[in-house]
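Below: structure-v4.txt (compact mmCIF, N, CA, C and O atoms)
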```txt
# COMPACT_ATOMS: atom_id res chain seq x y z
N MET A 6 0.82 -1.20 0.00
CA MET A 6 0.00 0.00 0.00
C MET A 6 0.86 1.26 0.00
O MET A 6 0.53 2.22 -0.65
N THR A 7 1.96 1.27 0.71
CA THR A 7 2.83 2.44 0.74
C THR A 7 3.34 2.77 -0.65
O THR A 7 3.42 3.93 -1.04
N ARG A 8 3.66 1.79 -1.45
CA ARG A 8 4.15 2.03 -2.81
C ARG A 8 3.10 2.78 -3.64
O ARG A 8 3.40 3.68 -4.39
N THR A 9 1.85 2.42 -3.48
CA THR A 9 0.77 3.10 -4.19
C THR A 9 0.69 4.55 -3.77
O THR A 9 0.50 5.44 -4.60
N LEU A 10 0.82 4.84 -2.49
CA LEU A 10 0.80 6.22 -2.01
C LEU A 10 1.93 7.03 -2.62
O LEU A 10 1.75 8.17 -3.04
N LEU A 11 3.11 6.44 -2.66
CA LEU A 11 4.26 7.13 -3.26
C LEU A 11 4.04 7.39 -4.74
O LEU A 11 4.40 8.45 -5.26
N ASP A 12 3.43 6.42 -5.42
CA ASP A 12 3.12 6.61 -6.84
C ASP A 12 2.15 7.76 -7.05
O ASP A 12 2.27 8.52 -8.01
N LEU A 13 1.17 7.88 -6.16
CA LEU A 13 0.19 8.97 -6.27
C LEU A 13 0.83 10.34 -6.05
O LEU A 13 0.43 11.33 -6.64
N LEU A 14 1.81 10.39 -5.18
CA LEU A 14 2.47 11.66 -4.88
C LEU A 14 3.50 12.08 -5.93
O LEU A 14 3.81 13.26 -6.07
N GLU A 15 4.04 11.14 -6.66
CA GLU A 15 5.15 11.42 -7.57
C GLU A 15 4.88 12.55 -8.57
O GLU A 15 5.71 13.44 -8.72
N PRO A 16 3.74 12.58 -9.26
CA PRO A 16 3.51 13.69 -10.19
C PRO A 16 3.52 15.06 -9.50
O PRO A 16 3.99 16.04 -10.07
N TRP A 17 3.01 15.11 -8.28
CA TRP A 17 2.98 16.37 -7.55
C TRP A 17 4.38 16.76 -7.08
O TRP A 17 4.73 17.94 -7.06
N ARG A 18 5.18 15.80 -6.69
CA ARG A 18 6.57 16.08 -6.30
C ARG A 18 7.36 16.61 -7.48
O ARG A 18 8.19 17.51 -7.33
N LEU A 19 7.12 16.06 -8.66
CA LEU A 19 7.81 16.54 -9.86
C LEU A 19 7.34 17.94 -10.24
O LEU A 19 8.14 18.78 -10.67
N ARG A 20 6.06 18.20 -10.09
CA ARG A 20 5.52 19.50 -10.46
C ARG A 20 5.91 20.60 -9.48
O ARG A 20 6.11 21.75 -9.87
N TYR A 21 6.01 20.26 -8.19
CA TYR A 21 6.34 21.23 -7.15
C TYR A 21 7.51 20.71 -6.32
O TYR A 21 7.36 20.35 -5.15
N PRO A 22 8.71 20.69 -6.88
CA PRO A 22 9.85 20.11 -6.17
C PRO A 22 10.25 20.88 -4.91
O PRO A 22 10.91 20.32 -4.04
N GLU A 23 9.84 22.12 -4.79
CA GLU A 23 10.22 22.91 -3.62
C GLU A 23 9.38 22.58 -2.39
O GLU A 23 9.70 23.01 -1.28
N LEU A 24 8.30 21.81 -2.56
CA LEU A 24 7.43 21.44 -1.45
C LEU A 24 7.72 20.03 -0.97
O LEU A 24 8.01 19.15 -1.76
N ALA A 25 7.62 19.85 0.33
CA ALA A 25 7.80 18.50 0.90
C ALA A 25 6.43 17.85 1.06
O ALA A 25 5.51 18.44 1.62
N ALA A 26 6.29 16.65 0.55
CA ALA A 26 5.05 15.89 0.69
C ALA A 26 5.42 14.52 1.22
O ALA A 26 6.38 13.91 0.77
N THR A 27 4.66 14.06 2.19
CA THR A 27 4.94 12.75 2.78
C THR A 27 3.75 11.83 2.62
O THR A 27 2.61 12.28 2.50
N ALA A 28 4.03 10.54 2.61
CA ALA A 28 2.98 9.53 2.54
C ALA A 28 3.21 8.53 3.66
O ALA A 28 4.34 8.13 3.92
N GLU A 29 2.14 8.17 4.33
CA GLU A 29 2.25 7.20 5.42
C GLU A 29 0.96 6.40 5.49
O GLU A 29 -0.13 6.98 5.53
N ALA A 30 1.07 5.10 5.48
CA ALA A 30 -0.10 4.23 5.64
C ALA A 30 -0.29 3.98 7.14
O ALA A 30 0.64 3.58 7.82
N VAL A 31 -1.49 4.26 7.63
CA VAL A 31 -1.78 4.11 9.05
C VAL A 31 -3.07 3.31 9.23
O VAL A 31 -3.87 3.19 8.31
N VAL A 32 -3.27 2.81 10.45
CA VAL A 32 -4.47 2.06 10.78
C VAL A 32 -5.29 2.88 11.76
O VAL A 32 -4.74 3.47 12.68
N GLY A 33 -6.58 2.91 11.55
CA GLY A 33 -7.46 3.62 12.47
C GLY A 33 -8.43 4.52 11.73
O GLY A 33 -8.53 4.48 10.51
N SER A 34 -9.11 5.32 12.48
CA SER A 34 -10.09 6.25 11.93
C SER A 34 -9.39 7.24 11.00
O SER A 34 -8.47 7.95 11.42
N PRO A 35 -9.81 7.33 9.73
CA PRO A 35 -9.17 8.27 8.81
C PRO A 35 -9.27 9.71 9.30
O PRO A 35 -8.31 10.47 9.20
N ALA A 36 -10.41 10.09 9.85
CA ALA A 36 -10.58 11.46 10.32
C ALA A 36 -9.59 11.76 11.45
O ALA A 36 -8.89 12.78 11.43
N LEU A 37 -9.50 10.87 12.43
CA LEU A 37 -8.58 11.08 13.55
C LEU A 37 -7.13 11.09 13.06
O LEU A 37 -6.34 11.93 13.48
N GLN A 38 -6.77 10.18 12.18
CA GLN A 38 -5.39 10.12 11.68
C GLN A 38 -5.02 11.40 10.93
O GLN A 38 -3.90 11.89 11.05
N MET A 39 -5.95 11.94 10.14
CA MET A 39 -5.67 13.18 9.41
C MET A 39 -5.50 14.36 10.38
O MET A 39 -4.63 15.20 10.20
N VAL A 40 -6.34 14.42 11.40
CA VAL A 40 -6.24 15.50 12.39
C VAL A 40 -4.92 15.41 13.14
O VAL A 40 -4.22 16.41 13.34
N VAL A 41 -4.53 14.21 13.56
CA VAL A 41 -3.26 14.02 14.27
C VAL A 41 -2.09 14.42 13.36
O VAL A 41 -1.19 15.14 13.77
N ALA A 42 -2.12 13.98 12.11
CA ALA A 42 -1.04 14.31 11.17
C ALA A 42 -0.99 15.80 10.88
O ALA A 42 0.08 16.35 10.62
N SER A 43 -2.12 16.48 10.95
CA SER A 43 -2.15 17.91 10.63
C SER A 43 -1.43 18.76 11.66
O SER A 43 -1.10 19.91 11.40
N ARG A 44 -1.14 18.20 12.81
CA ARG A 44 -0.44 18.96 13.86
C ARG A 44 0.96 19.38 13.42
O ARG A 44 1.49 20.36 13.91
N GLU A 45 1.55 18.63 12.51
CA GLU A 45 2.90 18.93 12.04
C GLU A 45 2.91 19.47 10.61
O GLU A 45 3.98 19.67 10.04
N ALA A 46 1.74 19.71 10.04
CA ALA A 46 1.66 20.12 8.64
C ALA A 46 1.53 21.62 8.51
O ALA A 46 1.04 22.30 9.41
N GLU A 47 1.97 22.13 7.37
CA GLU A 47 1.76 23.53 7.04
C GLU A 47 0.49 23.70 6.22
O GLU A 47 -0.11 24.77 6.20
N LEU A 48 0.09 22.63 5.53
CA LEU A 48 -1.15 22.62 4.75
C LEU A 48 -1.64 21.18 4.68
O LEU A 48 -0.86 20.26 4.46
N VAL A 49 -2.95 21.00 4.86
CA VAL A 49 -3.56 19.69 4.74
C VAL A 49 -4.45 19.72 3.50
O VAL A 49 -5.24 20.64 3.32
N VAL A 50 -4.31 18.71 2.64
CA VAL A 50 -5.15 18.61 1.45
C VAL A 50 -6.04 17.40 1.63
O VAL A 50 -5.57 16.28 1.81
N ALA A 51 -7.34 17.65 1.61
CA ALA A 51 -8.33 16.58 1.74
C ALA A 51 -9.11 16.48 0.45
O ALA A 51 -9.50 17.49 -0.13
N GLY A 52 -9.32 15.25 0.01
CA GLY A 52 -10.09 15.04 -1.21
C GLY A 52 -11.58 15.01 -0.92
O GLY A 52 -12.01 14.74 0.19
N ARG A 53 -12.35 15.35 -1.95
CA ARG A 53 -13.80 15.31 -1.85
C ARG A 53 -14.33 14.67 -3.12
O ARG A 53 -13.91 15.03 -4.22
N ARG A 54 -15.21 13.70 -2.98
CA ARG A 54 -15.78 13.05 -4.16
C ARG A 54 -16.74 14.01 -4.86
O ARG A 54 -17.46 14.77 -4.22
N SER A 55 -16.73 13.96 -6.17
CA SER A 55 -17.66 14.77 -6.95
C SER A 55 -19.05 14.13 -6.87
O SER A 55 -19.19 12.92 -6.89
N ARG A 56 -20.04 14.96 -6.79
CA ARG A 56 -21.43 14.49 -6.72
C ARG A 56 -22.12 14.69 -8.06
O ARG A 56 -21.73 15.53 -8.85
N ARG A 57 -23.15 13.93 -8.28
CA ARG A 57 -23.89 14.05 -9.54
C ARG A 57 -24.70 15.35 -9.60
O ARG A 57 -24.99 15.85 -10.66
N LEU A 58 -25.06 15.87 -8.46
CA LEU A 58 -25.80 17.13 -8.41
C LEU A 58 -24.80 18.26 -8.18
O LEU A 58 -24.38 18.50 -7.05
N PRO A 59 -24.40 18.98 -9.22
CA PRO A 59 -23.33 19.97 -9.09
C PRO A 59 -23.67 21.15 -8.19
O PRO A 59 -22.78 21.82 -7.69
N LEU A 60 -24.94 21.44 -7.97
CA LEU A 60 -25.31 22.59 -7.15
C LEU A 60 -25.40 22.27 -5.66
O LEU A 60 -25.66 23.14 -4.85
N VAL A 61 -25.18 21.00 -5.32
CA VAL A 61 -25.28 20.59 -3.92
C VAL A 61 -23.89 20.25 -3.40
O VAL A 61 -23.36 19.19 -3.67
N PRO A 62 -23.26 21.18 -2.65
CA PRO A 62 -21.93 20.86 -2.11
C PRO A 62 -22.05 19.79 -1.02
O PRO A 62 -23.02 19.75 -0.28
N HIS A 63 -21.07 18.90 -0.98
CA HIS A 63 -21.09 17.84 0.02
C HIS A 63 -19.67 17.54 0.46
O HIS A 63 -18.78 17.37 -0.36
N LEU A 64 -19.49 17.49 1.76
CA LEU A 64 -18.21 17.07 2.33
C LEU A 64 -18.44 15.81 3.13
O LEU A 64 -19.44 15.69 3.85
N GLY A 65 -17.52 14.89 3.05
CA GLY A 65 -17.58 13.68 3.84
C GLY A 65 -17.15 13.95 5.27
O GLY A 65 -16.68 15.04 5.62
N HIS A 66 -17.29 12.94 6.11
CA HIS A 66 -16.97 13.13 7.53
C HIS A 66 -15.48 13.37 7.76
O HIS A 66 -15.11 14.09 8.69
N VAL A 67 -14.62 12.82 6.93
CA VAL A 67 -13.18 13.02 7.11
C VAL A 67 -12.83 14.47 6.83
O VAL A 67 -12.16 15.14 7.64
N ALA A 68 -13.27 15.00 5.70
CA ALA A 68 -12.97 16.40 5.36
C ALA A 68 -13.56 17.34 6.41
O ALA A 68 -12.90 18.31 6.82
N GLN A 69 -14.77 17.08 6.87
CA GLN A 69 -15.38 17.92 7.90
C GLN A 69 -14.57 17.90 9.20
O GLN A 69 -14.33 18.95 9.81
N ALA A 70 -14.13 16.73 9.61
CA ALA A 70 -13.36 16.63 10.85
C ALA A 70 -12.04 17.38 10.73
O ALA A 70 -11.64 18.10 11.66
N VAL A 71 -11.39 17.25 9.59
CA VAL A 71 -10.11 17.94 9.40
C VAL A 71 -10.32 19.44 9.39
O VAL A 71 -9.56 20.19 10.03
N ILE A 72 -11.33 19.91 8.70
CA ILE A 72 -11.61 21.36 8.66
C ILE A 72 -11.85 21.89 10.07
O ILE A 72 -11.35 22.96 10.44
N HIS A 73 -12.62 21.17 10.87
CA HIS A 73 -12.99 21.66 12.20
C HIS A 73 -11.90 21.50 13.25
O HIS A 73 -11.86 22.27 14.21
N HIS A 74 -11.01 20.53 13.09
CA HIS A 74 -10.07 20.22 14.17
C HIS A 74 -8.60 20.40 13.82
O HIS A 74 -7.75 20.30 14.69
N SER A 75 -8.27 20.68 12.57
CA SER A 75 -6.88 20.83 12.17
C SER A 75 -6.34 22.20 12.57
O SER A 75 -6.99 23.22 12.32
N PRO A 76 -5.15 22.23 13.15
CA PRO A 76 -4.53 23.53 13.43
C PRO A 76 -3.92 24.15 12.17
O PRO A 76 -3.64 25.35 12.15
N ALA A 77 -3.75 23.36 11.13
CA ALA A 77 -3.16 23.85 9.88
C ALA A 77 -4.28 24.23 8.90
O ALA A 77 -5.41 23.74 9.02
N PRO A 78 -3.97 25.08 7.93
CA PRO A 78 -4.97 25.39 6.89
C PRO A 78 -5.32 24.11 6.12
O PRO A 78 -4.48 23.23 5.95
N VAL A 79 -6.56 24.04 5.63
CA VAL A 79 -7.05 22.86 4.93
C VAL A 79 -7.56 23.26 3.55
O VAL A 79 -8.33 24.21 3.43
N ALA A 80 -7.10 22.55 2.53
CA ALA A 80 -7.62 22.72 1.18
C ALA A 80 -8.41 21.46 0.83
O ALA A 80 -7.91 20.36 0.96
N VAL A 81 -9.67 21.66 0.42
CA VAL A 81 -10.51 20.54 0.02
C VAL A 81 -10.57 20.54 -1.51
O VAL A 81 -10.97 21.52 -2.12
N VAL A 82 -10.13 19.43 -2.09
CA VAL A 82 -10.02 19.31 -3.54
C VAL A 82 -10.99 18.26 -4.04
O VAL A 82 -10.97 17.13 -3.57
N PRO A 83 -11.84 18.62 -5.02
CA PRO A 83 -12.74 17.61 -5.57
C PRO A 83 -11.97 16.59 -6.40
O PRO A 83 -11.07 16.93 -7.16
N LEU A 84 -12.31 15.33 -6.21
CA LEU A 84 -11.66 14.25 -6.96
C LEU A 84 -12.51 13.89 -8.18
O LEU A 84 -13.73 14.03 -8.13
N PRO A 85 -11.87 13.45 -9.26
CA PRO A 85 -12.66 13.10 -10.44
C PRO A 85 -13.49 11.84 -10.22
O PRO A 85 -13.23 11.06 -9.38
```
Let's see the structure in the file written out as structure tokens.
Amino acid sequence: MTRTLLDLLEPWRLRYPELAATAEAVVGSPALQMVVASREAELVVAGRRSRRLPLVPHLGHVAQAVIHHSPAPVAVVPLP
């Protein structure tokens, strides 16, 4: 699983070499793990699934938890 995470980050590392991005596979609640990891981050990027109804914004529980509990700024990015 870690190899897949590194593969996902590679295009972004190549595009923005001046930024540090880390990947870590962890066990447990995704929301809690993201909040804990955000304590050492300068920016947290959370994905959001695209919905069929474009006028209805929707955030999942993980993105909501990170937005509400992260000490770092959070960017929510819609996924294809």
### Query
Hey, what does DSSP flag as strand (DSSP E or B) within chain A? Can you give it to me as number ranges by chain?
A: 49-54, 79-84
### Task
Would you mind reading off the distance between atom O of Val67 in chain A and atom O of Leu19 in chain A, one decimal, in Å?
27.6 Å
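Of the residues listed (A:Ala42, A:Ala30, A:Ala36, A:Val82), A:Ala30 shows the shortest atom-to-atom separation from Leu11 in chain A; distances use only C-alpha atoms.
Among the candidates A:Leu13, A:His74, A:Ala80, A:Leu24, the one nearest to Arg44 in chain A when counting all atoms listed in the file is A:His74.
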### Task
Kindly indicate which residue among A:Ala77, A:Val31, A:Leu84, A:Leu14 lies nearest to Leu48 in chain A, using only C-alpha atoms for the distances.
A:Ala77
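Take atom C of Gln69 in chain A and CA of Trp17 in chain A: the distance between them is 24.3 Å.
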### Task
Could you tell me how far atom N of Ala26 in chain A lies from atom N of Ala51 in chain A, in Å and to one decimal?
13.7 Å
